[in-house]
Protein chains: 2
Amino acid sequence: MNRTDANALDWASVSWVAAERTPATLRAWALSRGGTVLAKVESGEGLGATDDLAAALDRLLPGRPADVPVLVSGAGQMPAPAVPCKPPLRDAAQAAQGLLRLPGVAQQKPVDLLEGEETRVAGFVALNPRFDGVLCLPGPRQTRWVHVSAGEIVSFRSFLTGALFAMLRDLEGLAGDWDEAAFLEAVDHAMGRPAGVAGDLATVLAELRLAGLDPAAASSRALGLLLGMELAAAKPYWLGQSVALVDEANAARPWHAALAAQAVPVVLADGTRLALEGLKAAYKGT
Amino acid sequence: MNRTDANALDWASVSWVAAERTPATLRAWALSRGGTVLAKVESGEGLGATDDLAAALDRLLPGRPADVPVLVSGAGQMPAPAVPCKPPLRDAAQAAQGLLRLPGVAQQKPVDLLEGEETRVAGFVALNPRFDGVLCLPGPRQTRWVHVSAGEIVSFRSFLTGALFAMLRDLEGLAGDWDEAAFLEAVDHAMGRPAGVAGDLATVLAELRLAGLDPAAASSRALGLLLGMELAAAKPYWLGQSVALVDEANAARPWHAALAAQAVPVVLADGTRLALEGLKAAYKGT
């Protein structure tokens, strides 16, 4: 997975390391004092693979001198108690090892949390300081809808869409190509009658068994139903709003198609780039 | 799991064997010509454990003579094309081995299927021939709501509540005692706003992480949200209806509490007994 081999890296020229942990991956950028990316490395040791972040970083960054600090955002950090867009930085217990963990962001009402997405939001704000609107950040487990105004997070809301779909897909062996027509029809159906989704999912599985429904269509319909339920509940976040959709490896494509079908103007942003920009902005603030 | 040891069984007195396969278990009753249960055995080789039903039955019933037929209902049989309450019986390919598989029941609109529940329904009808109303059969994967009139299945609808809850519970490590107050509040909340369930589930998980929510309350609330969504969509099945709730090992308790809170009069029926009665009724018809 390494785009650049960390073993070949001249650590003497590295000023600090920006790192992001997601549920599935751990990625890091070695940066010069001027902010140039000298190396980018990635491993599968995300939150799901290990609890020991320090050890996973050591494996990802062999030979890193102790005086090259790593600033890491992402899943598994205890969040800050408030909702600042620029969260407090240093974790005293870890700072001695040169490991600075960015906490997530906690919200009181409704209780909710961001675990790394706040850093991507900060990166987007750094690149688009005048942005007033909503960021939609689909993830492998949760989608986060984040309302941003005047450079601050105003409120946010998480939906378990990704996790529910992944569980269904694994349980029922749903797989196959993307069927956009089936997907969009299901989104539309679920938005109109979101209460029926648990029954409509059972219908998809029954059609797969009985009526020879194509597995690709079944998979796309199941995601469409779950995403339609999400869009119905997240309506205050996208209706009449300027929406920036944060993509990574084309995973946001279903959200893009569904929002386009609702005639919502959507700007696409690259999640990995936002993470790096957010980490840079946070490092400046340390 | 054997309640009676099949090895100690005098096969000479056994006329036939009634068996039921569920997603989790395989159980069988050895019956005399007069219908007396001579032995009851059970193993974990349900649909999830093996595809080879014949081999699993051989392991469950060692020493069974080839001329003692086994009539089996349950998950994994290809269903009949129509919606009869007394489905056709013999599977020609298997009959030679003394294995008679009861097919499930298929419905065309909406596409749906019963996979063993139809035999429990037939058992209920055999015991309550005048029943006109709805059977609710919660299962580890799906809940089936079945409208019965004049001894026939009129229509039915499946909901993926059990599977979704099991996946969430495993994913998030939800566990603990039953918290009925938290459960009922969540049912009520979700019935009023079923579209919000994917977001409300995310709130439960966030409160578990951030606000010190008791895991028992979290688990009960998550099930309450999913069950509230089911009840909202299944309303035509229970509103103003006479409902028989088919229980097994107290698994239907949440449905009982939720329906009682809606002031729905509910009769409890023992699922395992209904399976045996349904198999007996079907065997008479062979």
# chains A, B, ... in the order shown; residues from 1 in each chain; ligands from 1
$ closest_atom_pairs --of "chain B" --to "chain A" --cutoff "7 Å" --atoms "only C-alpha atoms" --output "JSON lines"
{"residue": "B:Pro110", "atom": "CA", "partner": "A:Thr203", "partner_atom": "CA", "distance": 6.8}
{"residue": "B:Val111", "atom": "CA", "partner": "A:Thr203", "partner_atom": "CA", "distance": 5.8}
{"residue": "B:Asp112", "atom": "CA", "partner": "A:Ala206", "partner_atom": "CA", "distance": 5.0}
{"residue": "B:Leu113", "atom": "CA", "partner": "A:Ala206", "partner_atom": "CA", "distance": 6.2}
{"residue": "B:Ser158", "atom": "CA", "partner": "A:Ala202", "partner_atom": "CA", "distance": 5.8}
{"residue": "B:Phe159", "atom": "CA", "partner": "A:Gly199", "partner_atom": "CA", "distance": 4.5}
{"residue": "B:Leu160", "atom": "CA", "partner": "A:Ala198", "partner_atom": "CA", "distance": 5.5}
{"residue": "B:Thr161", "atom": "CA", "partner": "A:Ala198", "partner_atom": "CA", "distance": 6.7}
{"residue": "B:Met167", "atom": "CA", "partner": "A:Met167", "partner_atom": "CA", "distance": 6.4}
{"residue": "B:Pro194", "atom": "CA", "partner": "A:Ala195", "partner_atom": "CA", "distance": 4.7}
{"residue": "B:Ala195", "atom": "CA", "partner": "A:Pro194", "partner_atom": "CA", "distance": 4.8}
{"residue": "B:Gly196", "atom": "CA", "partner": "A:Ala233", "partner_atom": "CA", "distance": 5.2}
{"residue": "B:Ala198", "atom": "CA", "partner": "A:Phe159", "partner_atom": "CA", "distance": 5.2}
{"residue": "B:Gly199", "atom": "CA", "partner": "A:Phe159", "partner_atom": "CA", "distance": 4.5}
{"residue": "B:Leu201", "atom": "CA", "partner": "A:Leu160", "partner_atom": "CA", "distance": 7.0}
{"residue": "B:Ala202", "atom": "CA", "partner": "A:Phe159", "partner_atom": "CA", "distance": 5.6}
{"residue": "B:Thr203", "atom": "CA", "partner": "A:Asp112", "partner_atom": "CA", "distance": 5.8}
{"residue": "B:Ala206", "atom": "CA", "partner": "A:Asp112", "partner_atom": "CA", "distance": 5.0}
{"residue": "B:Glu207", "atom": "CA", "partner": "A:Val111", "partner_atom": "CA", "distance": 5.8}
{"residue": "B:Met229", "atom": "CA", "partner": "A:Ala195", "partner_atom": "CA", "distance": 5.9}
{"residue": "B:Glu230", "atom": "CA", "partner": "A:Ala198", "partner_atom": "CA", "distance": 6.5}
{"residue": "B:Ala232", "atom": "CA", "partner": "A:Ala195", "partner_atom": "CA", "distance": 6.5}
{"residue": "B:Ala233", "atom": "CA", "partner": "A:Gly196", "partner_atom": "CA", "distance": 5.2}
$ write_last_selection --atoms "C-alpha atoms" --output "mmCIF file, in the first residue's frame"
data_model
loop_
_atom_site.group_PDB
_atom_site.id
_atom_site.type_symbol
_atom_site.label_atom_id
_atom_site.label_comp_id
_atom_site.auth_asym_id
_atom_site.auth_seq_id
_atom_site.Cartn_x
_atom_site.Cartn_y
_atom_site.Cartn_z
ATOM 1 C CA PRO B 110 -44.677 -7.941 -2.220
ATOM 2 C CA VAL B 111 -42.212 -10.723 -2.936
ATOM 3 C CA ASP B 112 -41.625 -12.458 0.362
ATOM 4 C CA LEU B 113 -41.148 -15.941 1.753
ATOM 5 C CA SER B 158 -41.056 -9.949 6.794
ATOM 6 C CA PHE B 159 -38.866 -7.447 8.631
ATOM 7 C CA LEU B 160 -35.123 -7.725 9.100
ATOM 8 C CA THR B 161 -35.255 -6.531 12.715
ATOM 9 C CA MET B 167 -25.272 -7.183 13.618
ATOM 10 C CA PRO B 194 -39.344 5.925 12.059
ATOM 11 C CA ALA B 195 -37.390 7.829 9.414
ATOM 12 C CA GLY B 196 -34.914 8.937 12.060
ATOM 13 C CA ALA B 198 -30.411 5.409 11.396
ATOM 14 C CA GLY B 199 -29.580 8.695 13.112
ATOM 15 C CA LEU B 201 -28.956 4.492 16.420
ATOM 16 C CA ALA B 202 -25.861 6.658 15.907
ATOM 17 C CA THR B 203 -26.970 8.730 18.920
ATOM 18 C CA ALA B 206 -22.358 8.117 20.732
ATOM 19 C CA GLU B 207 -24.022 8.239 24.165
ATOM 20 C CA MET B 229 -39.567 0.971 13.005
ATOM 21 C CA GLU B 230 -40.969 -2.525 12.445
ATOM 22 C CA ALA B 232 -44.670 1.487 12.429
ATOM 23 C CA ALA B 233 -44.440 -0.343 9.096
#
$ residues_around --residues "region 36-46 of chain A" --least-positions-apart "2" --cutoff "10 Å" --atoms "only C-alpha atoms" --output "compact mmCIF listing (two decimals) with N, CA and C atoms, in the first residue's frame"
# COMPACT_ATOMS: atom_id res chain seq x y z
N MET A 1 0.82 -1.21 0.00
CA MET A 1 0.00 0.00 0.00
C MET A 1 0.86 1.28 0.00
N ASN A 2 2.18 1.10 0.28
CA ASN A 2 3.03 2.30 0.38
C ASN A 2 3.21 2.97 -0.97
N ARG A 3 2.86 4.25 -1.00
CA ARG A 3 3.05 4.98 -2.24
C ARG A 3 4.51 5.37 -2.36
N THR A 4 5.11 5.65 -1.21
CA THR A 4 6.53 5.94 -1.16
C THR A 4 7.11 5.09 -0.05
N ASP A 5 8.24 4.51 -0.26
CA ASP A 5 8.80 3.63 0.75
C ASP A 5 9.40 4.46 1.88
N ALA A 6 8.88 4.23 3.09
CA ALA A 6 9.37 4.99 4.24
C ALA A 6 10.81 4.59 4.58
N ALA A 8 13.19 4.24 2.52
CA ALA A 8 14.13 4.99 1.69
C ALA A 8 14.16 6.47 2.06
N LEU A 9 13.40 6.83 3.08
CA LEU A 9 13.24 8.23 3.42
C LEU A 9 14.46 8.77 4.17
N ASP A 10 14.87 9.99 3.81
CA ASP A 10 15.93 10.67 4.56
C ASP A 10 15.29 11.44 5.71
N TRP A 11 15.31 10.84 6.87
CA TRP A 11 14.60 11.44 8.01
C TRP A 11 15.16 12.80 8.41
N SER A 13 15.57 15.27 6.68
CA SER A 13 14.85 16.38 6.04
C SER A 13 13.39 16.45 6.47
N VAL A 14 12.96 15.51 7.33
CA VAL A 14 11.56 15.50 7.77
C VAL A 14 11.39 16.35 9.02
N SER A 15 10.47 17.30 8.95
CA SER A 15 10.23 18.17 10.10
C SER A 15 9.19 17.56 11.04
N VAL A 17 5.44 14.61 11.00
CA VAL A 17 4.62 13.66 10.27
C VAL A 17 3.15 13.93 10.58
N ALA A 18 2.37 14.05 9.50
CA ALA A 18 0.92 14.16 9.65
C ALA A 18 0.33 12.76 9.44
N ALA A 19 -0.59 12.36 10.31
CA ALA A 19 -1.16 11.01 10.18
C ALA A 19 -2.65 11.03 10.44
N GLU A 20 -3.34 10.12 9.75
CA GLU A 20 -4.79 9.99 9.95
C GLU A 20 -5.11 8.52 10.13
N ARG A 21 -5.91 8.23 11.18
CA ARG A 21 -6.40 6.87 11.35
C ARG A 21 -7.90 6.87 11.07
N THR A 22 -8.33 5.99 10.17
CA THR A 22 -9.76 5.80 9.89
C THR A 22 -10.13 4.41 10.41
N PRO A 23 -11.40 4.03 10.37
CA PRO A 23 -11.72 2.66 10.79
C PRO A 23 -10.92 1.60 10.03
N ALA A 24 -10.56 1.89 8.77
CA ALA A 24 -9.94 0.85 7.93
C ALA A 24 -8.44 1.04 7.69
N THR A 25 -7.95 2.26 7.75
CA THR A 25 -6.55 2.48 7.36
C THR A 25 -5.83 3.43 8.31
N LEU A 26 -4.51 3.37 8.19
CA LEU A 26 -3.64 4.33 8.87
C LEU A 26 -2.74 4.90 7.79
N ARG A 27 -2.76 6.23 7.64
CA ARG A 27 -1.91 6.83 6.60
C ARG A 27 -1.11 7.96 7.21
N ALA A 28 0.05 8.20 6.60
CA ALA A 28 0.92 9.23 7.15
C ALA A 28 1.67 9.94 6.03
N TRP A 29 1.91 11.22 6.25
CA TRP A 29 2.68 12.04 5.33
C TRP A 29 3.91 12.56 6.08
N ALA A 30 5.10 12.35 5.52
CA ALA A 30 6.31 12.95 6.09
C ALA A 30 6.50 14.30 5.44
N LEU A 31 6.61 15.34 6.25
CA LEU A 31 6.60 16.71 5.73
C LEU A 31 7.89 17.44 6.05
N SER A 32 8.31 18.25 5.09
CA SER A 32 9.46 19.12 5.33
C SER A 32 9.01 20.33 6.14
N ARG A 33 9.98 21.10 6.59
CA ARG A 33 9.65 22.30 7.35
C ARG A 33 8.72 23.22 6.54
N GLY A 34 8.94 23.26 5.22
CA GLY A 34 8.12 24.13 4.37
C GLY A 34 6.76 23.54 4.01
N GLY A 48 -9.89 -0.70 13.29
CA GLY A 48 -10.40 -2.05 13.39
C GLY A 48 -9.30 -3.09 13.59
N ALA A 49 -8.05 -2.74 13.21
CA ALA A 49 -6.97 -3.72 13.23
C ALA A 49 -6.20 -3.73 14.55
N THR A 50 -6.06 -2.58 15.17
CA THR A 50 -5.25 -2.53 16.39
C THR A 50 -5.67 -1.36 17.27
N ASP A 51 -5.52 -1.55 18.57
CA ASP A 51 -5.76 -0.46 19.51
C ASP A 51 -4.48 0.30 19.80
N ASP A 52 -3.36 -0.33 19.46
CA ASP A 52 -2.07 0.27 19.82
C ASP A 52 -1.58 1.16 18.69
N LEU A 53 -2.02 2.40 18.75
CA LEU A 53 -1.69 3.35 17.69
C LEU A 53 -0.19 3.60 17.60
N ALA A 55 2.36 1.68 18.32
CA ALA A 55 3.07 0.57 17.69
C ALA A 55 2.79 0.51 16.19
N ALA A 56 1.52 0.77 15.81
CA ALA A 56 1.16 0.76 14.38
C ALA A 56 1.92 1.86 13.64
N LEU A 57 2.08 3.01 14.28
CA LEU A 57 2.84 4.10 13.66
C LEU A 57 4.33 3.74 13.55
N ARG A 59 5.48 0.76 13.07
CA ARG A 59 5.60 -0.16 11.93
C ARG A 59 5.46 0.58 10.60
N LEU A 60 4.61 1.60 10.60
CA LEU A 60 4.39 2.35 9.35
C LEU A 60 5.56 3.27 9.04
N LEU A 61 6.25 3.72 10.09
CA LEU A 61 7.31 4.72 9.94
C LEU A 61 8.60 4.22 10.57
N GLY A 74 -8.12 11.13 14.07
CA GLY A 74 -8.92 9.98 13.66
C GLY A 74 -9.45 9.13 14.75
N ALA A 75 -10.15 8.10 14.31
CA ALA A 75 -11.00 7.26 15.14
C ALA A 75 -10.27 6.78 16.39
N GLY A 76 -10.98 6.80 17.49
CA GLY A 76 -10.46 6.21 18.71
C GLY A 76 -9.85 7.18 19.69
N LEU A 276 -4.96 15.97 5.14
CA LEU A 276 -3.61 16.55 5.21
C LEU A 276 -3.67 18.05 5.51
$ atom_distance --atom1 "CA of Glu115 (chain B)" --atom2 "CA of Pro103 (chain B)"
7.4 Å
